[in-house]
$ cat query21.cif   # mmCIF, C-alpha atoms
data_entry
loop_
_atom_site.label_atom_id
_atom_site.label_comp_id
_atom_site.auth_asym_id
_atom_site.auth_seq_id
_atom_site.Cartn_x
_atom_site.Cartn_y
_atom_site.Cartn_z
CA MET R 132 -106.77 -4.32 -100.74
CA LEU R 133 -108.11 -2.41 -97.74
CA LYS R 134 -105.33 -1.33 -95.40
CA ILE R 135 -106.02 -2.54 -91.85
CA SER R 136 -103.71 -1.77 -88.96
CA LEU R 137 -103.02 -4.33 -86.26
CA HIS R 138 -104.99 -2.19 -83.81
CA THR R 139 -108.04 -2.29 -86.11
CA ALA R 140 -107.57 -6.05 -86.51
CA GLN R 141 -107.67 -6.40 -82.74
CA LYS R 142 -110.95 -4.43 -82.57
CA VAL R 143 -112.54 -6.71 -85.20
CA ILE R 144 -111.48 -9.85 -83.31
CA ILE R 145 -112.75 -8.61 -79.94
CA PHE R 146 -116.11 -7.40 -81.31
CA ALA R 147 -116.65 -10.67 -83.21
CA THR R 148 -115.87 -12.76 -80.12
CA LEU R 149 -118.25 -10.64 -78.04
CA LEU R 150 -121.08 -11.42 -80.48
CA ALA R 151 -120.22 -15.12 -80.33
CA HIS R 152 -120.53 -15.07 -76.52
CA VAL R 153 -123.92 -13.32 -76.76
CA PHE R 154 -125.02 -16.23 -78.98
CA TYR R 155 -123.68 -18.77 -76.45
CA LEU R 156 -125.56 -16.96 -73.67
CA PHE R 157 -128.94 -17.35 -75.40
CA VAL R 158 -128.27 -20.98 -76.33
CA PHE R 159 -127.26 -21.91 -72.78
CA LEU R 160 -130.39 -20.15 -71.46
CA LEU R 161 -132.51 -22.33 -73.74
CA MET R 162 -130.58 -25.41 -72.61
CA GLY R 163 -131.10 -24.49 -68.97
CA GLU R 164 -127.38 -24.69 -68.17
CA GLU R 165 -127.17 -22.16 -65.35
CA ILE R 166 -123.43 -22.51 -64.74
CA LEU R 167 -122.71 -21.90 -68.43
CA VAL R 168 -125.13 -18.95 -68.47
CA VAL R 169 -123.25 -17.36 -65.56
CA THR R 170 -119.94 -18.17 -67.26
CA ASN R 171 -121.04 -16.39 -70.42
CA VAL R 172 -122.39 -13.39 -68.54
CA PHE R 173 -118.93 -13.15 -67.03
CA SER R 174 -117.36 -13.54 -70.50
CA VAL R 175 -119.56 -10.82 -72.04
CA ALA R 176 -118.56 -8.49 -69.20
CA ILE R 177 -114.90 -9.25 -69.90
CA TYR R 178 -115.25 -8.36 -73.59
CA LEU R 179 -117.06 -5.14 -72.80
CA PHE R 180 -114.14 -4.31 -70.51
CA LEU R 181 -111.67 -5.18 -73.32
CA ILE R 182 -113.50 -2.86 -75.71
CA ARG R 183 -113.14 -0.08 -73.15
CA LEU R 184 -109.39 -0.83 -72.94
CA ILE R 185 -109.05 -0.76 -76.74
CA TYR R 186 -110.45 2.75 -76.97
CA ASP R 187 -108.57 4.00 -73.92
CA SER R 188 -105.05 3.57 -75.31
CA LEU R 189 -103.04 1.81 -78.01
CA GLU R 190 -100.64 0.75 -75.26
CA ASN R 191 -103.26 -1.67 -73.88
CA SER R 192 -102.95 -4.02 -76.89
CA LYS R 193 -100.77 -6.66 -75.26
CA ILE R 194 -102.71 -6.92 -72.01
CA ILE R 195 -105.94 -7.15 -74.05
CA MET R 196 -104.59 -10.19 -75.91
CA VAL R 197 -103.49 -11.81 -72.63
CA ILE R 198 -107.03 -11.48 -71.22
CA PHE R 199 -108.53 -12.60 -74.56
CA GLN R 200 -106.50 -15.81 -74.67
CA LEU R 201 -107.11 -16.65 -71.01
CA GLU R 202 -110.86 -16.08 -71.42
CA ILE R 203 -111.04 -18.44 -74.41
CA LEU R 204 -109.00 -21.04 -72.51
CA PHE R 205 -111.21 -20.77 -69.41
CA HIS R 206 -114.52 -20.64 -71.33
CA ALA R 207 -113.70 -23.60 -73.57
CA LEU R 208 -112.50 -25.68 -70.58
CA VAL R 209 -115.65 -24.96 -68.53
CA CYS R 210 -117.92 -25.82 -71.48
CA ILE R 211 -116.05 -29.10 -72.12
CA LEU R 212 -116.18 -30.11 -68.45
CA MET R 213 -119.90 -29.25 -68.22
CA LEU R 214 -121.12 -30.68 -71.54
CA GLY R 215 -118.42 -33.17 -72.48
CA TRP R 216 -116.65 -33.88 -75.75
CA GLY R 217 -118.27 -33.35 -79.12
CA TYR R 218 -119.92 -29.93 -78.72
CA GLY R 219 -117.04 -28.31 -80.59
CA PHE R 220 -115.62 -26.28 -77.70
CA GLU R 221 -112.38 -28.20 -77.99
CA LEU R 222 -112.02 -26.52 -81.40
CA LEU R 223 -111.82 -23.10 -79.72
CA PHE R 224 -108.35 -23.98 -78.46
CA LEU R 225 -107.26 -23.95 -82.09
CA ALA R 226 -108.82 -20.52 -82.67
CA SER R 227 -106.90 -19.08 -79.73
CA SER R 228 -103.66 -20.53 -81.11
CA LEU R 229 -104.06 -18.43 -84.25
CA ILE R 230 -103.24 -15.35 -82.16
CA LEU R 231 -99.62 -16.52 -82.39
CA PHE R 232 -99.55 -14.84 -85.81
CA PHE R 233 -100.02 -11.44 -84.18
CA THR R 234 -96.82 -11.49 -82.14
CA SER R 235 -96.34 -7.75 -82.63
CA PHE R 236 -99.05 -7.02 -80.06
CA THR R 237 -98.80 -10.08 -77.84
CA TYR R 238 -96.32 -11.44 -75.33
CA LYS R 239 -94.50 -14.07 -77.37
CA PHE R 240 -93.40 -16.25 -74.46
CA PHE R 241 -96.90 -16.10 -72.93
CA ASN R 242 -98.33 -17.26 -76.28
CA TYR R 243 -96.19 -20.38 -76.21
CA ILE R 244 -97.29 -21.17 -72.64
CA VAL R 245 -100.98 -20.79 -73.56
CA VAL R 246 -100.65 -23.00 -76.65
CA ALA R 247 -98.82 -25.64 -74.61
CA MET R 248 -101.60 -25.50 -71.97
CA GLN R 249 -104.26 -25.86 -74.68
CA ILE R 250 -102.58 -28.97 -76.09
CA ILE R 251 -102.20 -30.53 -72.64
CA LEU R 252 -105.79 -29.70 -71.63
CA SER R 253 -107.20 -31.00 -74.92
CA ILE R 254 -105.46 -34.34 -74.47
CA ALA R 255 -106.40 -34.51 -70.78
CA CYS R 256 -110.08 -33.71 -71.49
CA TYR R 257 -110.27 -36.26 -74.29
CA VAL R 258 -108.75 -38.98 -72.11
CA TYR R 259 -110.88 -38.03 -69.09
CA LEU R 260 -114.11 -37.92 -71.10
CA ASP R 261 -113.13 -40.82 -73.37
CA GLY R 262 -114.17 -38.62 -76.29
CA GLN R 263 -117.82 -38.70 -75.20
CA PRO R 264 -120.37 -36.04 -74.20
CA ILE R 265 -121.42 -35.77 -70.55
CA LYS R 266 -124.87 -34.38 -71.27
CA HIS R 267 -127.02 -35.21 -74.26
CA PHE R 268 -128.67 -32.27 -75.96
CA ASP R 269 -128.86 -33.76 -79.44
CA GLY R 270 -130.28 -30.72 -81.24
CA PHE R 271 -128.16 -28.24 -79.29
CA LYS R 272 -125.10 -30.50 -79.57
CA ASP R 273 -125.25 -30.37 -83.36
CA LEU R 274 -126.02 -26.63 -83.30
CA LEU R 275 -123.08 -25.83 -81.03
CA PHE R 276 -120.69 -28.10 -82.89
CA ILE R 277 -121.59 -26.54 -86.24
CA PHE R 278 -121.40 -23.02 -84.75
CA ASN R 279 -118.04 -23.66 -83.09
CA LEU R 280 -116.63 -25.27 -86.23
CA SER R 281 -117.91 -22.35 -88.30
CA MET R 282 -116.42 -19.91 -85.77
CA VAL R 283 -113.00 -21.54 -86.07
CA CYS R 284 -113.17 -21.57 -89.89
CA VAL R 285 -114.36 -17.96 -90.11
CA PHE R 286 -111.84 -16.90 -87.47
CA SER R 287 -109.07 -18.59 -89.45
CA VAL R 288 -110.11 -16.78 -92.63
CA VAL R 289 -110.47 -13.44 -90.82
CA VAL R 290 -107.09 -13.80 -89.10
CA SER R 291 -105.50 -14.74 -92.42
CA TYR R 292 -107.05 -11.70 -94.12
CA LEU R 293 -106.18 -9.37 -91.25
CA LEU R 294 -102.63 -10.69 -91.17
CA GLU R 295 -102.23 -10.10 -94.90
CA SER R 296 -103.80 -6.65 -94.64
CA SER R 297 -101.71 -5.77 -91.62
CA ASN R 298 -98.53 -6.88 -93.38
CA LEU R 299 -99.53 -4.76 -96.35
CA PHE R 300 -100.19 -1.84 -94.01
CA ILE R 301 -96.76 -2.28 -92.41
CA PHE R 302 -95.13 -2.55 -95.85
CA LEU R 303 -96.85 0.61 -97.07
CA SER R 304 -95.89 2.40 -93.85
CA ILE R 305 -92.26 1.43 -94.46
CA LEU R 306 -92.50 2.72 -98.03
CA GLU R 307 -94.03 5.96 -96.78
CA LYS R 308 -91.27 6.41 -94.21
CA LYS R 309 -88.68 5.64 -96.87
CA GLU R 310 -90.26 8.23 -99.16
CA ILE R 311 -90.22 10.80 -96.35
CA ALA R 312 -86.58 9.99 -95.60
CA GLU R 313 -85.66 10.30 -99.28
CA ASN R 314 -87.53 13.59 -99.50
CA ILE R 315 -85.57 14.93 -96.52
CA LEU R 316 -82.33 13.63 -98.00
CA ASN R 317 -82.97 15.13 -101.46
CA HIS R 318 -84.34 18.53 -100.47
CA ASP R 319 -82.95 21.63 -98.84
CA PRO R 320 -84.53 21.84 -95.35
CA LEU R 321 -84.99 25.63 -95.42
CA THR R 322 -86.42 26.21 -98.90
CA GLY R 323 -87.87 22.80 -99.74
CA LEU R 324 -86.15 22.93 -103.14
CA LEU R 325 -83.84 20.19 -104.37
CA ASN R 326 -80.41 20.27 -102.78
CA ARG R 327 -77.09 20.28 -104.65
CA THR R 328 -76.55 16.52 -104.32
CA SER R 329 -79.96 15.58 -105.72
CA MET R 330 -79.58 18.10 -108.56
CA GLN R 331 -76.25 16.54 -109.51
CA GLN R 332 -77.96 13.14 -109.58
CA ILE R 333 -80.64 14.56 -111.88
CA LEU R 334 -78.02 16.09 -114.16
CA SER R 335 -76.40 12.67 -114.47
CA LYS R 336 -79.58 11.31 -116.13
CA SER R 337 -78.83 12.19 -119.73
CA GLU R 338 -82.20 10.84 -120.95
CA LEU R 339 -83.83 13.98 -119.51
CA TYR R 340 -82.16 16.32 -121.97
CA LYS R 341 -80.14 14.37 -124.55
CA ASN R 342 -81.32 15.25 -128.10
CA LYS R 343 -83.81 17.71 -126.59
CA ASP R 344 -83.99 21.47 -126.16
CA PHE R 345 -83.13 22.57 -122.64
CA ALA R 346 -81.51 25.40 -120.72
CA ILE R 347 -79.33 25.74 -117.64
CA VAL R 348 -80.17 28.67 -115.35
CA MET R 349 -77.86 30.02 -112.67
CA CYS R 350 -79.28 32.73 -110.39
CA ASP R 351 -78.22 34.58 -107.28
CA ILE R 352 -79.95 36.89 -104.78
CA ASP R 353 -78.74 40.47 -105.20
CA ASN R 354 -77.09 42.07 -102.16
CA PHE R 355 -77.85 39.06 -99.97
CA LYS R 356 -74.90 39.68 -97.67
CA LYS R 357 -76.17 43.21 -97.06
CA ILE R 358 -79.61 41.82 -96.12
CA ASN R 359 -78.03 39.48 -93.58
CA ASP R 360 -75.70 42.14 -92.20
CA THR R 361 -78.45 44.76 -91.92
CA TYR R 362 -81.42 42.75 -90.70
CA GLY R 363 -79.86 39.51 -89.43
CA HIS R 364 -79.79 35.92 -90.67
CA GLY R 365 -83.44 35.41 -89.76
CA ALA R 366 -84.36 37.99 -92.38
CA GLY R 367 -82.07 36.23 -94.87
CA ASP R 368 -83.83 32.93 -94.21
CA ALA R 369 -87.23 34.60 -94.69
CA VAL R 370 -86.06 35.94 -98.07
CA LEU R 371 -84.79 32.51 -99.14
CA LYS R 372 -88.08 30.82 -98.21
CA SER R 373 -90.16 33.50 -99.94
CA LEU R 374 -88.13 33.38 -103.15
CA SER R 375 -88.17 29.57 -103.21
CA GLY R 376 -91.98 29.68 -103.01
CA ILE R 377 -92.03 31.86 -106.13
CA PHE R 378 -89.69 29.40 -107.88
CA LYS R 379 -92.07 26.53 -107.10
CA SER R 380 -95.11 28.38 -108.39
CA THR R 381 -93.54 29.96 -111.49
CA PHE R 382 -91.26 27.31 -112.93
CA ARG R 383 -93.11 24.41 -114.57
CA ASN R 384 -93.58 21.01 -112.92
CA GLU R 385 -91.15 19.38 -115.34
CA ASP R 386 -88.41 21.90 -114.56
CA LYS R 387 -85.86 21.09 -111.88
CA VAL R 388 -84.84 23.77 -109.38
CA ALA R 389 -82.24 23.43 -106.63
CA ARG R 390 -80.61 25.53 -103.97
CA PHE R 391 -77.04 25.16 -105.22
CA GLY R 392 -75.25 27.20 -102.60
CA GLY R 393 -75.99 29.77 -99.88
CA GLU R 394 -78.02 32.25 -101.96
CA GLU R 395 -77.30 30.65 -105.34
CA PHE R 396 -79.81 28.54 -107.25
CA LEU R 397 -79.62 26.32 -110.32
CA ALA R 398 -82.53 25.40 -112.56
CA VAL R 399 -82.85 23.08 -115.55
CA VAL R 400 -85.63 24.13 -117.91
CA LEU R 401 -86.53 21.07 -119.98
CA GLY R 402 -88.09 20.50 -123.39
CA ILE R 403 -88.35 24.07 -124.73
CA LYS R 404 -86.29 26.33 -126.94
CA LYS R 405 -84.15 29.23 -125.77
CA ASP R 406 -86.72 32.02 -126.22
CA ALA R 407 -89.38 30.12 -124.29
CA ALA R 408 -86.90 29.25 -121.53
CA VAL R 409 -85.81 32.88 -121.23
CA SER R 410 -89.49 33.92 -121.12
CA ILE R 411 -90.08 31.63 -118.11
CA VAL R 412 -86.97 32.96 -116.34
CA GLU R 413 -87.99 36.56 -117.10
CA ARG R 414 -91.40 35.89 -115.58
CA VAL R 415 -89.68 34.53 -112.47
CA ARG R 416 -87.47 37.63 -112.29
CA GLU R 417 -90.43 40.03 -112.65
CA THR R 418 -92.41 38.22 -109.95
CA LEU R 419 -89.42 38.29 -107.63
CA SER R 420 -88.77 41.99 -108.21
CA LYS R 421 -92.34 42.82 -107.13
CA ASN R 422 -92.24 40.50 -104.13
CA ILE R 423 -92.13 42.08 -100.68
CA VAL R 424 -90.77 39.90 -97.89
CA GLU R 425 -92.09 40.80 -94.44
CA PHE R 426 -89.88 39.89 -91.52
CA GLU R 427 -90.96 41.08 -88.09
CA ASP R 428 -91.55 44.83 -88.73
CA ILE R 429 -89.27 44.95 -91.78
CA LYS R 430 -90.25 44.87 -95.46
CA ILE R 431 -87.57 43.63 -97.84
CA ASN R 432 -87.63 43.78 -101.62
CA ALA R 433 -85.04 41.22 -102.77
CA THR R 434 -84.18 40.83 -106.46
CA MET R 435 -82.18 38.23 -108.38
CA THR R 436 -79.87 38.13 -111.36
CA PHE R 437 -80.02 35.24 -113.86
CA GLY R 438 -77.66 33.65 -116.35
CA VAL R 439 -79.26 31.35 -118.94
CA VAL R 440 -77.43 29.02 -121.34
CA ALA R 441 -79.55 27.12 -123.87
CA HIS R 442 -78.81 24.03 -125.96
CA ASP R 443 -80.85 23.03 -129.02
CA GLY R 444 -80.43 19.29 -128.56
CA THR R 445 -78.08 18.80 -131.51
CA GLY R 446 -74.41 17.95 -131.22
CA GLU R 447 -72.32 17.16 -128.19
CA PHE R 448 -72.31 19.30 -125.08
CA SER R 449 -70.80 19.43 -121.61
CA LEU R 450 -73.05 20.16 -118.65
CA GLU R 451 -70.04 21.30 -116.69
CA LYS R 452 -69.27 23.87 -119.39
CA MET R 453 -72.92 24.94 -119.59
CA ILE R 454 -73.06 25.55 -115.83
CA LYS R 455 -69.79 27.46 -116.00
CA GLN R 456 -71.09 29.61 -118.90
CA ALA R 457 -74.38 30.28 -117.10
CA ASP R 458 -72.38 31.29 -114.02
CA SER R 459 -70.30 33.69 -116.15
CA LEU R 460 -73.48 35.24 -117.58
CA LEU R 461 -74.84 35.59 -114.04
CA TYR R 462 -71.82 37.63 -112.93
CA ALA R 463 -71.93 39.65 -116.13
CA GLY R 464 -75.49 40.55 -115.10
CA LYS R 465 -74.26 41.51 -111.64
CA ARG R 466 -71.76 43.89 -113.22
CA SER R 467 -74.50 45.31 -115.47
CA GLY R 468 -76.62 46.48 -112.56
CA LYS R 469 -78.30 43.28 -111.24
CA ASN R 470 -81.99 42.25 -111.40
CA ILE R 471 -81.55 41.14 -115.01
CA VAL R 472 -81.67 38.01 -117.18
CA ILE R 473 -78.70 37.48 -119.52
CA SER R 474 -78.86 34.59 -121.93
CA ALA R 475 -76.74 32.91 -124.60
CA ASP R 476 -76.53 29.77 -126.68
CA TYR R 477 -74.18 27.08 -125.52
CA ASP R 478 -70.65 27.55 -126.81
CA PRO R 479 -68.81 24.21 -127.07
CA LYS R 480 -65.53 26.13 -127.12
CA GLY R 481 -66.28 27.96 -123.94
#
$ encode --input "query21.cif" --output "structure tokens"
Amino acid sequence: MLKISLHTAQKVIIFATLLAHVFYLFVFLLMGEEILVVTNVFSVAIYLFLIRLIYDSLENSKIIMVIFQLEILFHALVCILMLGWGYGFELLFLASSLILFFTSFTYKFFNYIVVAMQIILSIACYVYLDGQPIKHFDGFKDLLFIFNLSMVCVFSVVVSYLLESSNLFIFLSILEKKEIAENILNHDPLTGLLNRTSMQQILSKSELYKNKDFAIVMCDIDNFKKINDTYGHGAGDAVLKSLSGIFKSTFRNEDKVARFGGEEFLAVVLGIKKDAAVSIVERVRETLSKNIVEFEDIKINATMTFGVVAHDGTGEFSLEKMIKQADSLLYAGKRSGKNIVISADYDPKG
């Protein structure tokens, strides 16, 4: 279904009512009803003014609906008093009452007052006119009654559709906001990678890796403290953002990568054997080692060291042990000179 906002719904209603009043204007000219012609000229001017208000600001919505309801009330009452009962203008009170469904851009208490006035005026006009027309324009009477009845029916259908569309729009907006909130909650604000909490939730989903080849990767920026101490934390943040961009572009879409600590990252490489997983990590390392981070007038070449532990999908395993083993390999790489990938198969004894 087409998504229509309440503001768009309001535009449709106002434009449609303007066209209806243009039709009334021509009919009343043919009938020779000067007072009704003047009334409709006034009504057309009001709707042109409302259209101007619509495009001026979204904040005008409520005052627009107040003027809209009062115009319908006034126009219908004048037509009934001039022509009498049976031309269908009494039906327009019902059309105005349908605006109650759009309480989000109307004054709720004012709506109730208008509806109460419409009921009272309808009863009063019927009693006063004894349910009879004042003037007899047989052809025009039938034309106006059919037009007004059709207007109410079409208006009811349009309002129903707009209400459903608007509710759908609101529902989708809520879903979108929820998705944005979840994205903020699940991702590290600086790097845009998954945060530690969301990665732990992913690791708890055993269906991702149970009975499948996968690898745990722990990695750490080399000499990160020195970068911060030498160039400041702004430079450190620039390095983190630059390296995270390389992670996003080099790891596959199905892989999961998270900022696990300050300058420490954890990745889960899914669905491939050890050699292929190490090949991906090695490609990440090579890209990182060639990457130059520019911060203000400084150029920084930051490297990373990686520890990779692979599991072939057979037998039992402990993720906690795998992360611990990958972390041990990472620090073995640090001791071996940094900027290196060290890998091993999972050791259930370790």
$ residues_around --input "query21.cif" --residues "Ile333 in chain R" --least-positions-apart "2" --cutoff "12 Å" --atoms "only C-alpha atoms" --output "list in words"
Asn317, Leu325, Asn326, Arg327, Thr328, Ser329, Met330, Gln331, Ser335, Lys336, Ser337, Glu338, Leu339, Tyr340, Asp386, Lys387, Val388, Ala389, Leu397, Ala398, Val399, Leu401 and Leu450 of chain R
$ residues_around --input "query21.cif" --residues "Arg466 in chain R" --least-positions-apart "5" --cutoff "12 Å" --atoms "all atoms listed in the file" --output "PyMOL selection string"
chain R and resi 353+436-437+459-461+471+473
$ residues_around --input "query21.cif" --residues "Val440 in chain R" --least-positions-apart "5" --cutoff "12 Å" --atoms "only C-alpha atoms" --output "PyMOL selection string"
chain R and resi 344-350+397-400+404-406+408-409+412+448-461+472-479+481
$ write_last_selection --input "query21.cif" --atoms "C-alpha atoms" --output "mmCIF file, in the frame of the given file"
data_model
loop_
_atom_site.group_PDB
_atom_site.id
_atom_site.type_symbol
_atom_site.label_atom_id
_atom_site.label_comp_id
_atom_site.auth_asym_id
_atom_site.auth_seq_id
_atom_site.Cartn_x
_atom_site.Cartn_y
_atom_site.Cartn_z
ATOM 1 C CA ASP R 344 -83.990 21.470 -126.160
ATOM 2 C CA PHE R 345 -83.130 22.570 -122.640
ATOM 3 C CA ALA R 346 -81.510 25.400 -120.720
ATOM 4 C CA ILE R 347 -79.330 25.740 -117.640
ATOM 5 C CA VAL R 348 -80.170 28.670 -115.350
ATOM 6 C CA MET R 349 -77.860 30.020 -112.670
ATOM 7 C CA CYS R 350 -79.280 32.730 -110.390
ATOM 8 C CA LEU R 397 -79.620 26.320 -110.320
ATOM 9 C CA ALA R 398 -82.530 25.400 -112.560
ATOM 10 C CA VAL R 399 -82.850 23.080 -115.550
ATOM 11 C CA VAL R 400 -85.630 24.130 -117.910
ATOM 12 C CA LYS R 404 -86.290 26.330 -126.940
ATOM 13 C CA LYS R 405 -84.150 29.230 -125.770
ATOM 14 C CA ASP R 406 -86.720 32.020 -126.220
ATOM 15 C CA ALA R 408 -86.900 29.250 -121.530
ATOM 16 C CA VAL R 409 -85.810 32.880 -121.230
ATOM 17 C CA VAL R 412 -86.970 32.960 -116.340
ATOM 18 C CA PHE R 448 -72.310 19.300 -125.080
ATOM 19 C CA SER R 449 -70.800 19.430 -121.610
ATOM 20 C CA LEU R 450 -73.050 20.160 -118.650
ATOM 21 C CA GLU R 451 -70.040 21.300 -116.690
ATOM 22 C CA LYS R 452 -69.270 23.870 -119.390
ATOM 23 C CA MET R 453 -72.920 24.940 -119.590
ATOM 24 C CA ILE R 454 -73.060 25.550 -115.830
ATOM 25 C CA LYS R 455 -69.790 27.460 -116.000
ATOM 26 C CA GLN R 456 -71.090 29.610 -118.900
ATOM 27 C CA ALA R 457 -74.380 30.280 -117.100
ATOM 28 C CA ASP R 458 -72.380 31.290 -114.020
ATOM 29 C CA SER R 459 -70.300 33.690 -116.150
ATOM 30 C CA LEU R 460 -73.480 35.240 -117.580
ATOM 31 C CA LEU R 461 -74.840 35.590 -114.040
ATOM 32 C CA VAL R 472 -81.670 38.010 -117.180
ATOM 33 C CA ILE R 473 -78.700 37.480 -119.520
ATOM 34 C CA SER R 474 -78.860 34.590 -121.930
ATOM 35 C CA ALA R 475 -76.740 32.910 -124.600
ATOM 36 C CA ASP R 476 -76.530 29.770 -126.680
ATOM 37 C CA TYR R 477 -74.180 27.080 -125.520
ATOM 38 C CA ASP R 478 -70.650 27.550 -126.810
ATOM 39 C CA PRO R 479 -68.810 24.210 -127.070
ATOM 40 C CA GLY R 481 -66.280 27.960 -123.940
#
$ resolve_selection --input "query21.cif" --expression "the PyMOL selection byres ((chain R and resi 194-207) around 9)" --output "JSON, numbers by chain"
{"R": [141, 145, 167, 170, 171, 174, 177, 178, 181, 182, 184, 185, 190, 191, 192, 193, 208, 209, 210, 211, 212, 220, 221, 222, 223, 224, 226, 227, 228, 230, 236, 237, 238, 241, 242, 245, 248, 249]}
$ atom_distance --input "query21.cif" --atom1 "CA of Lys341 in chain R" --atom2 "CA of Glu395 in chain R"
25.3 Å
$ resolve_selection --input "query21.cif" --expression "the PyMOL selection byres ((chain R and resi 432) around 6)" --output "VMD selection string"
chain R and resid 423 431 433
$ resolve_selection --input "query21.cif" --expression "the PyMOL selection byres ((chain R and resi 162) around 12)" --output "number ranges by chain"
R: 155-161, 163-168, 214, 266-272, 274-275
$ write_last_selection --input "query21.cif" --atoms "C-alpha atoms" --output "CSV table (one decimal), keeping the file's coordinate frame"
chain,number,residue,atom,x,y,z
R,155,TYR,CA,-123.7,-18.8,-76.4
R,156,LEU,CA,-125.6,-17.0,-73.7
R,157,PHE,CA,-128.9,-17.4,-75.4
R,158,VAL,CA,-128.3,-21.0,-76.3
R,159,PHE,CA,-127.3,-21.9,-72.8
R,160,LEU,CA,-130.4,-20.2,-71.5
R,161,LEU,CA,-132.5,-22.3,-73.7
R,163,GLY,CA,-131.1,-24.5,-69.0
R,164,GLU,CA,-127.4,-24.7,-68.2
R,165,GLU,CA,-127.2,-22.2,-65.4
R,166,ILE,CA,-123.4,-22.5,-64.7
R,167,LEU,CA,-122.7,-21.9,-68.4
R,168,VAL,CA,-125.1,-19.0,-68.5
R,214,LEU,CA,-121.1,-30.7,-71.5
R,266,LYS,CA,-124.9,-34.4,-71.3
R,267,HIS,CA,-127.0,-35.2,-74.3
R,268,PHE,CA,-128.7,-32.3,-76.0
R,269,ASP,CA,-128.9,-33.8,-79.4
R,270,GLY,CA,-130.3,-30.7,-81.2
R,271,PHE,CA,-128.2,-28.2,-79.3
R,272,LYS,CA,-125.1,-30.5,-79.6
R,274,LEU,CA,-126.0,-26.6,-83.3
R,275,LEU,CA,-123.1,-25.8,-81.0
$ atom_distance --input "query21.cif" --atom1 "CA of Ile315 in chain R" --atom2 "CA of His364 in chain R"
22.5 Å
$ atom_distance --input "query21.cif" --atom1 "CA of Ala147 in chain R" --atom2 "CA of Asp187 in chain R"
19.2 Å
$ axis_aligned_box --input "query21.cif" --around "range 350-368 of chain R" --padding-each-side "5 Å" --output "AutoDock Vina command-line options"
--center_x -79.6 --center_y 38.7 --center_z -99.9 --size_x 19.5 --size_y 22.0 --size_z 31.0
$ closest_residue --input "query21.cif" --among "R:Thr322, R:Lys308, R:Ile403, R:Ile277" --to "Ala441 in chain R" --atoms "all atoms listed in the file"
R:Ile403
$ closest_residue --input "query21.cif" --among "R:Ser420, R:Ala140, R:Gly215, R:Asn470" --to "Asp261 in chain R" --atoms "all atoms listed in the file"
R:Gly215
$ residues_around --input "query21.cif" --residues "range 424-427 of chain R" --least-positions-apart "5" --cutoff "12 Å" --atoms "only C-alpha atoms" --output "PDB file with C-alpha atoms, in the frame of the given file"
ATOM      1  CA  ILE R 358     -79.610  41.820 -96.120  1.00  0.00           C
ATOM      2  CA  TYR R 362     -81.420  42.750 -90.700  1.00  0.00           C
ATOM      3  CA  GLY R 363     -79.860  39.510 -89.430  1.00  0.00           C
ATOM      4  CA  HIS R 364     -79.790  35.920 -90.670  1.00  0.00           C
ATOM      5  CA  GLY R 365     -83.440  35.410 -89.760  1.00  0.00           C
ATOM      6  CA  ALA R 366     -84.360  37.990 -92.380  1.00  0.00           C
ATOM      7  CA  GLY R 367     -82.070  36.230 -94.870  1.00  0.00           C
ATOM      8  CA  ASP R 368     -83.830  32.930 -94.210  1.00  0.00           C
ATOM      9  CA  ALA R 369     -87.230  34.600 -94.690  1.00  0.00           C
ATOM     10  CA  VAL R 370     -86.060  35.940 -98.070  1.00  0.00           C
ATOM     11  CA  LEU R 371     -84.790  32.510 -99.140  1.00  0.00           C
ATOM     12  CA  LYS R 372     -88.080  30.820 -98.210  1.00  0.00           C
ATOM     13  CA  SER R 373     -90.160  33.500 -99.940  1.00  0.00           C
ATOM     14  CA  LEU R 374     -88.130  33.380-103.150  1.00  0.00           C
ATOM     15  CA  SER R 375     -88.170  29.570-103.210  1.00  0.00           C
ATOM     16  CA  GLY R 376     -91.980  29.680-103.010  1.00  0.00           C
ATOM     17  CA  ILE R 377     -92.030  31.860-106.130  1.00  0.00           C
ATOM     18  CA  LEU R 419     -89.420  38.290-107.630  1.00  0.00           C
ATOM     19  CA  ASN R 432     -87.630  43.780-101.620  1.00  0.00           C
ATOM     20  CA  ALA R 433     -85.040  41.220-102.770  1.00  0.00           C
ATOM     21  CA  THR R 434     -84.180  40.830-106.460  1.00  0.00           C
TER      22      THR R 434
END
$ decode --input "query21.cif" --residues "range 276-289 of chain R" --atoms "C-alpha atoms" --output "tab-separated table (two decimals), in the first residue's frame"
chain	number	residue	atom	x	y	z
R	276	PHE	CA	-28.66	15.54	-3.90
R	277	ILE	CA	-26.86	12.90	-5.97
R	278	PHE	CA	-23.65	14.98	-5.99
R	279	ASN	CA	-23.76	15.59	-2.24
R	280	LEU	CA	-24.54	11.94	-1.51
R	281	SER	CA	-21.70	10.89	-3.82
R	282	MET	CA	-19.39	13.41	-2.13
R	283	VAL	CA	-20.15	11.95	1.29
R	284	CYS	CA	-19.65	8.37	0.06
R	285	VAL	CA	-16.41	9.19	-1.75
R	286	PHE	CA	-15.22	11.28	1.18
R	287	SER	CA	-15.93	8.37	3.53
R	288	VAL	CA	-13.95	5.99	1.33
R	289	VAL	CA	-11.08	8.47	0.92
